[in-house]
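Novice: Just upload-v4.cif, nothing more (mmCIF, C-alpha atoms and all ligand atoms):
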```cif
data_run
#
loop_
_atom_site.label_atom_id
_atom_site.label_comp_id
_atom_site.auth_asym_id
_atom_site.auth_seq_id
_atom_site.Cartn_x
_atom_site.Cartn_y
_atom_site.Cartn_z
CA MET S 10 -3.57 -86.27 -29.54
CA PRO S 11 -0.94 -88.93 -28.67
CA THR S 12 -1.89 -92.59 -28.97
CA LEU S 13 -1.79 -94.76 -25.85
CA LEU S 14 -1.57 -98.50 -26.43
CA ILE S 15 -2.79 -100.59 -23.50
CA ILE S 16 -1.19 -104.04 -23.64
CA ILE S 17 -2.95 -106.86 -21.81
CA ALA S 18 -0.14 -109.13 -20.65
CA SER S 19 -2.01 -112.21 -19.46
CA THR S 20 -3.61 -114.64 -21.87
CA ARG S 21 -5.10 -117.48 -19.83
CA PRO S 22 -8.86 -118.25 -19.81
CA GLY S 23 -10.60 -116.55 -16.88
CA ARG S 24 -7.77 -114.06 -16.40
CA ALA S 25 -8.12 -111.04 -14.14
CA GLY S 26 -6.26 -109.10 -16.82
CA LEU S 27 -9.37 -108.55 -18.89
CA PRO S 28 -11.55 -106.89 -16.21
CA VAL S 29 -8.60 -104.85 -14.94
CA ALA S 30 -7.80 -103.71 -18.49
CA ARG S 31 -11.45 -102.79 -19.15
CA TRP S 32 -11.39 -100.58 -16.07
CA PHE S 33 -8.08 -98.99 -17.02
CA GLU S 34 -9.18 -98.44 -20.62
CA ASP S 35 -12.26 -96.62 -19.34
CA ALA S 36 -10.08 -94.54 -16.97
CA ALA S 37 -7.74 -93.66 -19.86
CA ARG S 38 -10.64 -92.61 -22.10
CA ARG S 39 -12.13 -90.48 -19.32
CA HIS S 40 -8.74 -88.90 -18.72
CA GLY S 41 -8.94 -87.45 -22.22
CA GLY S 42 -5.23 -87.01 -22.90
CA PHE S 43 -4.89 -89.88 -25.37
CA ASP S 44 -6.37 -91.65 -28.31
CA VAL S 45 -6.68 -95.03 -26.55
CA GLN S 46 -5.99 -98.36 -28.28
CA VAL S 47 -5.85 -101.85 -26.76
CA ALA S 48 -3.67 -104.82 -27.71
CA ASP S 49 -4.78 -108.02 -26.02
CA LEU S 50 -1.86 -110.44 -26.26
CA ALA S 51 -4.34 -113.32 -26.26
CA GLU S 52 -5.72 -111.97 -29.55
CA VAL S 53 -2.40 -110.80 -30.96
CA ASN S 54 -1.44 -114.45 -30.46
CA LEU S 55 2.26 -114.27 -31.32
CA PRO S 56 4.10 -117.59 -31.45
CA LEU S 57 7.30 -117.86 -29.45
CA LEU S 58 9.79 -115.62 -31.26
CA ASP S 59 10.30 -117.20 -34.68
CA GLU S 60 12.11 -114.46 -36.62
CA PRO S 61 15.59 -115.34 -37.91
CA HIS S 62 17.03 -111.80 -37.72
CA HIS S 63 17.67 -109.52 -34.78
CA PRO S 64 14.60 -107.28 -34.37
CA ARG S 65 16.63 -104.08 -34.58
CA LEU S 66 17.15 -104.85 -38.31
CA SER S 67 13.35 -104.75 -38.86
CA GLN S 68 13.72 -107.53 -41.45
CA TYR S 69 10.60 -109.40 -40.58
CA THR S 70 9.71 -112.60 -42.38
CA HIS S 71 6.29 -113.26 -40.86
CA GLU S 72 3.03 -111.39 -41.26
CA HIS S 73 2.29 -111.75 -37.51
CA THR S 74 5.49 -109.78 -36.80
CA ARG S 75 4.66 -107.08 -39.35
CA ALA S 76 1.16 -106.75 -37.86
CA TRP S 77 2.58 -106.44 -34.33
CA SER S 78 5.14 -103.92 -35.61
CA ARG S 79 2.38 -101.75 -37.10
CA ILE S 80 0.40 -101.79 -33.84
CA VAL S 81 3.39 -100.85 -31.67
CA SER S 82 4.73 -98.27 -34.16
CA ALA S 83 1.43 -96.40 -34.07
CA ALA S 84 1.70 -95.83 -30.32
CA ASP S 85 3.27 -92.83 -28.59
CA ALA S 86 3.00 -94.34 -25.11
CA PHE S 87 2.17 -97.67 -23.51
CA ALA S 88 0.43 -99.02 -20.46
CA PHE S 89 1.04 -102.63 -19.53
CA VAL S 90 -1.77 -104.30 -17.61
CA MET S 91 0.28 -107.07 -16.10
CA PRO S 92 0.06 -109.74 -13.40
CA GLU S 93 2.94 -111.27 -11.52
CA TYR S 94 3.70 -114.90 -12.33
CA ASN S 95 6.32 -116.49 -10.07
CA TYR S 96 7.69 -113.06 -9.13
CA ALA S 97 8.11 -112.16 -12.80
CA MET S 98 6.39 -110.72 -15.86
CA THR S 99 4.32 -113.09 -17.97
CA ALA S 100 5.98 -115.05 -20.76
CA PRO S 101 3.64 -113.58 -23.43
CA LEU S 102 4.67 -110.05 -22.42
CA LYS S 103 8.40 -110.84 -22.57
CA ASN S 104 7.90 -112.56 -25.92
CA ALA S 105 5.92 -109.61 -27.32
CA LEU S 106 8.66 -107.20 -26.18
CA ASP S 107 11.44 -109.33 -27.70
CA TYR S 108 9.74 -109.44 -31.11
CA LEU S 109 10.47 -105.77 -31.88
CA SER S 110 13.07 -103.13 -31.22
CA ASN S 111 12.85 -99.73 -32.95
CA GLU S 112 9.08 -99.67 -32.52
CA TRP S 113 9.47 -99.39 -28.73
CA HIS S 114 12.23 -96.79 -28.70
CA TYR S 115 11.80 -93.44 -26.92
CA LYS S 116 8.28 -94.10 -25.70
CA PRO S 117 7.10 -94.02 -22.09
CA VAL S 118 5.38 -96.92 -20.38
CA GLY S 119 3.14 -96.95 -17.33
CA LEU S 120 2.66 -100.17 -15.40
CA VAL S 121 -0.68 -101.36 -14.05
CA SER S 122 0.38 -104.40 -12.04
CA TYR S 123 -1.66 -106.76 -9.95
CA GLY S 124 -1.29 -109.95 -7.99
CA GLY S 125 -1.49 -111.14 -4.40
CA LEU S 126 0.12 -109.34 -1.48
CA SER S 127 2.79 -107.71 -3.65
CA GLY S 128 0.37 -106.09 -6.13
CA GLY S 129 2.59 -107.37 -8.91
CA LEU S 130 5.41 -105.03 -7.93
CA ARG S 131 8.19 -107.60 -8.31
CA ALA S 132 7.11 -108.21 -11.89
CA ALA S 133 6.85 -104.46 -12.47
CA GLN S 134 10.42 -103.96 -11.26
CA MET S 135 11.61 -106.71 -13.58
CA VAL S 136 9.84 -105.17 -16.57
CA LYS S 137 11.62 -101.88 -15.96
CA GLU S 138 14.98 -103.53 -16.57
CA VAL S 139 13.80 -105.00 -19.86
CA VAL S 140 12.06 -101.91 -21.23
CA THR S 141 15.00 -99.60 -20.55
CA THR S 142 17.11 -101.89 -22.75
CA LEU S 143 14.53 -101.15 -25.45
CA ARG S 144 15.03 -97.41 -24.79
CA MET S 145 11.63 -96.99 -23.20
CA MET S 146 11.01 -94.80 -20.20
CA PRO S 147 9.18 -96.71 -17.42
CA LEU S 148 7.37 -94.27 -15.17
CA PRO S 149 7.88 -94.32 -11.43
CA GLU S 150 4.18 -93.48 -11.13
CA GLY S 151 2.29 -96.74 -11.48
CA VAL S 152 -0.82 -98.57 -10.36
CA ALA S 153 -0.32 -101.61 -8.12
CA ILE S 154 -3.35 -103.69 -7.18
CA PRO S 155 -2.86 -106.22 -4.35
CA PHE S 156 -5.30 -109.14 -3.93
CA VAL S 157 -6.84 -108.42 -7.29
CA ALA S 158 -9.40 -111.26 -7.06
CA GLN S 159 -11.10 -109.51 -4.14
CA HIS S 160 -12.01 -106.63 -6.45
CA ILE S 161 -13.58 -108.67 -9.24
CA THR S 162 -17.23 -109.66 -9.14
CA ASP S 163 -19.00 -111.31 -12.09
CA GLY S 164 -16.21 -110.29 -14.42
CA THR S 165 -16.16 -106.64 -13.37
CA PHE S 166 -13.24 -105.04 -11.60
CA THR S 167 -14.14 -102.39 -9.04
CA PRO S 168 -10.95 -100.51 -8.20
CA PRO S 169 -9.89 -99.51 -4.72
CA GLU S 170 -10.01 -95.70 -4.48
CA LEU S 171 -6.20 -95.46 -4.36
CA ALA S 172 -5.97 -97.22 -7.74
CA THR S 173 -8.26 -94.69 -9.40
CA GLN S 174 -6.11 -91.81 -8.12
CA ALA S 175 -2.90 -93.61 -9.08
CA ALA S 176 -4.20 -94.23 -12.61
CA ARG S 177 -4.97 -90.52 -13.05
CA THR S 178 -1.51 -89.51 -11.84
CA MET S 179 0.17 -92.06 -14.09
CA LEU S 180 -1.83 -90.95 -17.13
CA ASP S 181 -0.93 -87.30 -16.46
CA GLU S 182 2.75 -88.25 -16.42
CA LEU S 183 2.42 -90.43 -19.52
CA VAL S 184 1.09 -87.43 -21.45
CA ARG S 185 4.08 -85.35 -20.36
CA TRP S 186 6.64 -88.01 -21.24
CA ALA S 187 4.97 -88.89 -24.54
CA GLY S 188 5.27 -85.25 -25.57
CA ALA S 189 8.86 -84.83 -24.36
CA LEU S 190 10.16 -88.07 -25.91
CA GLY S 191 8.54 -87.14 -29.22
CA THR S 192 11.59 -84.91 -29.79
CA LEU S 193 13.93 -87.91 -29.57
CA ARG S 194 11.76 -89.94 -31.93
CA GLN S 195 11.82 -87.14 -34.54
CA ASP S 196 15.61 -86.94 -34.28
CA ARG S 197 16.12 -90.56 -35.30
C1 LIG U 201 1.42 -119.16 -13.11
C2 LIG U 201 1.01 -118.23 -12.00
C3 LIG U 201 1.97 -117.73 -11.15
C4 LIG U 201 1.62 -116.81 -10.15
N1 LIG U 201 2.59 -116.25 -9.39
C5 LIG U 201 2.27 -115.24 -8.55
C6 LIG U 201 3.28 -114.50 -7.89
O1 LIG U 201 4.46 -114.74 -8.02
N2 LIG U 201 2.91 -113.47 -7.10
C7 LIG U 201 1.59 -113.13 -6.93
O2 LIG U 201 1.30 -112.17 -6.22
N3 LIG U 201 0.60 -113.82 -7.53
C8 LIG U 201 0.91 -114.85 -8.35
N4 LIG U 201 -0.06 -115.54 -9.00
C9 LIG U 201 -1.45 -115.19 -8.72
C10 LIG U 201 -1.88 -114.14 -9.70
O3 LIG U 201 -1.49 -112.86 -9.26
C11 LIG U 201 -3.38 -114.14 -9.93
O4 LIG U 201 -3.77 -115.46 -10.28
C12 LIG U 201 -3.77 -113.21 -11.05
O5 LIG U 201 -5.17 -113.30 -11.23
C13 LIG U 201 -3.06 -113.59 -12.35
O6 LIG U 201 -3.40 -112.72 -13.41
P1 LIG U 201 -4.33 -113.21 -14.60
O7 LIG U 201 -5.61 -113.69 -13.94
O8 LIG U 201 -4.56 -111.99 -15.44
O9 LIG U 201 -3.65 -114.33 -15.30
C14 LIG U 201 0.26 -116.46 -9.98
C15 LIG U 201 -0.70 -117.00 -10.84
C16 LIG U 201 -0.33 -117.87 -11.84
C17 LIG U 201 -1.40 -118.40 -12.79
#
```
Just give me the structure of the file as structure tokens.
Specialist:
Amino acid sequence: MPTLLIIIASTRPGRAGLPVARWFEDAARRHGGFDVQVADLAEVNLPLLDEPHHPRLSQYTHEHTRAWSRIVSAADAFAFVMPEYNYAMTAPLKNALDYLSNEWHYKPVGLVSYGGLSGGLRAAQMVKEVVTTLRMMPLPEGVAIPFVAQHITDGTFTPPELATQAARTMLDELVRWAGALGTLRQDR
């Protein structure tokens, strides 16, 4: 079974990212197509990029980078649970992406974005540009959750029905892409 790594992209206290990620993790486990793992960037706690060498050389000098490398290497596919901050992805997500290179290559990524009116879609579009540079395949099928706060009560996210359906569709596609891109990863 391929491994799906869910990356929680917001780190601030009281974040919506945690309840949304808990819901999506449950949806991914129910889907049954993946061994599901979660990386919470608040716990991963990477400093701002402090490696002297370009990541594509994989010459890491810090244990935090080696630990992050092991986590990302073990994944066959990713899902980013990500808000929109000032029309963009969060700084912790960009930093976590920049830390590595080969570990991301030839793996698909599904985006679970949220925010106000836009449902985080401007940030999702921006992430696509970054991840394709890292040779990842961002799926057109995604989950966008507008007005996320309206769906969270006492720390629990209750998804709108459309989000549940969108998550299922995205997970189906992630399974297909994870399998297909496996060929490219073996060829390296
Ligand atoms: C620094 C910051 C910038 C934000 N910028 C946007 C934005 O550009 N578009 C938007 O829809 N919501 C924006 N919001 C509102 C967030 O979508 C909302 O607060 C969401 O809960 C943030 O995710 P988090 O709780 O996981 O941190 C912003 C929130 C913060 C804290």
Novice: Near region 15-31 of chain S, counting all atoms listed in the file, which residues have an atom at most 8 Å away, once you skip same-chain residues fewer than 4 positions from it, shown as a tab-separated table (two decimals) with C-alpha atoms, in the frame of the given file?
Specialist:
```tsv
chain	number	residue	atom	x	y	z
S	35	ASP	CA	-12.26	-96.62	-19.34
S	45	VAL	CA	-6.68	-95.03	-26.55
S	46	GLN	CA	-5.99	-98.36	-28.28
S	47	VAL	CA	-5.85	-101.85	-26.76
S	48	ALA	CA	-3.67	-104.82	-27.71
S	49	ASP	CA	-4.78	-108.02	-26.02
S	50	LEU	CA	-1.86	-110.44	-26.26
S	51	ALA	CA	-4.34	-113.32	-26.26
S	87	PHE	CA	2.17	-97.67	-23.51
S	88	ALA	CA	0.43	-99.02	-20.46
S	89	PHE	CA	1.04	-102.63	-19.53
S	90	VAL	CA	-1.77	-104.30	-17.61
S	91	MET	CA	0.28	-107.07	-16.10
S	92	PRO	CA	0.06	-109.74	-13.40
S	99	THR	CA	4.32	-113.09	-17.97
S	101	PRO	CA	3.64	-113.58	-23.43
S	102	LEU	CA	4.67	-110.05	-22.42
S	157	VAL	CA	-6.84	-108.42	-7.29
S	158	ALA	CA	-9.40	-111.26	-7.06
S	161	ILE	CA	-13.58	-108.67	-9.24
S	164	GLY	CA	-16.21	-110.29	-14.42
S	165	THR	CA	-16.16	-106.64	-13.37
S	166	PHE	CA	-13.24	-105.04	-11.60
```
Novice: Can you pull out every residue within 9 Å of Arg177 (chain S), counting only C-alpha atoms, but drop anything in the same chain fewer than 6 positions away, and send it as a ChimeraX atom specification?
Specialist: /S:36-37,40
Novice: Just to be explicit: take each residue in the selection above, keep C-alpha atoms, and write the result as an mmCIF file, keeping the file's coordinate frame.
Specialist:
```
data_model
loop_
_atom_site.group_PDB
_atom_site.id
_atom_site.type_symbol
_atom_site.label_atom_id
_atom_site.label_comp_id
_atom_site.auth_asym_id
_atom_site.auth_seq_id
_atom_site.Cartn_x
_atom_site.Cartn_y
_atom_site.Cartn_z
ATOM 1 C CA ALA S 36 -10.080 -94.540 -16.970
ATOM 2 C CA ALA S 37 -7.740 -93.660 -19.860
ATOM 3 C CA HIS S 40 -8.740 -88.900 -18.720
#
```
Novice: Mind giving me the straight-line distance from atom O9 of ligand LIG 201 (chain U) to CA of Val53 (chain S) in Å, one decimal?
Specialist: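 Distance reported for this atom pair: 16.1 Å.
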Novice: Around ligand LIG 201 (chain U), fit a box with edges along x, y and z, padding it by 8 Å on each side, then list its centre and edge lengths in Å to one decimal as JSON.
Specialist:
```
{"center_x": -0.6, "center_y": -115.6, "center_z": -10.8, "size_x": 26.1, "size_y": 23.2, "size_z": 25.2}
```
Novice: Could you tell me how far CA of Arg75 (chain S) sits from CA of Arg185 (chain S), in Å to one decimal place?
Specialist: 28.9 Å
Novice: For each of S:Ala83, S:Val121, S:Leu14, S:Ala76, take the minimum atom-to-atom distance to ligand LIG 201 (chain U), counting all atoms listed in the file, then give the residue where this is smallest.
Specialist: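 Selected residue with least distance to ligand LIG 201 (chain U): S:Val121.
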Novice: Mind giving me the straight-line distance from CA of Ala176 (chain S) to CA of Ile154 (chain S) in Å, one decimal?
Specialist: 10.9 Å
Novice: Thr142 (chain S): which residues within 12 Å, counting all atoms listed in the file, same-chain residues fewer than 6 positions away excluded, as a list of chain:residue names?
Specialist: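 In the requested format, the answer is S:Leu106, S:Asp107, S:Leu109, S:Ser110, S:Asn111, S:Trp113, S:His114, S:Tyr115, S:Met135, S:Val136.
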Novice: Applying 9 Å and all atoms listed in the file, which residues near Asp85 (chain S) remain after dropping the ones on its own chain fewer than 5 positions away? List them as a PDB file with C-alpha atoms, keeping the file's coordinate frame.
Specialist:
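Ended up saving to selection-v9.pdb:
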```pdb
ATOM      1  CA  PRO S  11      -0.940 -88.930 -28.670  1.00  0.00           C
ATOM      2  CA  THR S  12      -1.890 -92.590 -28.970  1.00  0.00           C
ATOM      3  CA  LEU S  13      -1.790 -94.760 -25.850  1.00  0.00           C
ATOM      4  CA  LEU S  14      -1.570 -98.500 -26.430  1.00  0.00           C
ATOM      5  CA  TYR S 115      11.800 -93.440 -26.920  1.00  0.00           C
ATOM      6  CA  LYS S 116       8.280 -94.100 -25.700  1.00  0.00           C
ATOM      7  CA  PRO S 117       7.100 -94.020 -22.090  1.00  0.00           C
ATOM      8  CA  ALA S 187       4.970 -88.890 -24.540  1.00  0.00           C
ATOM      9  CA  GLY S 188       5.270 -85.250 -25.570  1.00  0.00           C
ATOM     10  CA  LEU S 190      10.160 -88.070 -25.910  1.00  0.00           C
ATOM     11  CA  GLY S 191       8.540 -87.140 -29.220  1.00  0.00           C
TER      12      GLY S 191
END
```
Novice: For each of S:Ala153, S:Leu148, S:Ile80, S:Leu55, take the minimum atom-to-atom distance to ligand LIG 201 (chain U), counting all atoms listed in the file, then give the residue where this is smallest.
Specialist: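 When distances to ligand LIG 201 (chain U) are compared using all atoms listed in the file, the smallest one comes from S:Ala153.
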Novice: Could you check the closest approach to ligand LIG 201 (chain U) for each of S:Trp186, S:Phe156, S:Tyr108, S:Tyr96 and tell me which residue wins, using only C-alpha atoms and all ligand atoms?
Specialist: S:Tyr96
Novice: Determine the nearest neighbour of ligand LIG 201 (chain U) from the options S:Leu180, S:Met10, S:Leu58, S:Ala132, counting all atoms listed in the file.
Specialist: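 Ranking S:Leu180, S:Met10, S:Leu58, S:Ala132 by distance to ligand LIG 201 (chain U), first place goes to S:Ala132.
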Novice: S:Glu112, S:Glu138, S:Asp181, S:Glu93: which is nearest ligand LIG 201 (chain U), counting all atoms listed in the file?
Specialist: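 Among the listed residues, the smallest separation from ligand LIG 201 (chain U) belongs to S:Glu93.
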Novice: Let me make sure I understand: among S:Gly124, S:Pro168, S:Pro147, S:Gly119, which one has the smallest atom-to-atom distance to ligand LIG 201 (chain U) if we use all atoms listed in the file?
Specialist: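 The shortest atom-to-atom distance to ligand LIG 201 (chain U) comes from S:Gly124.
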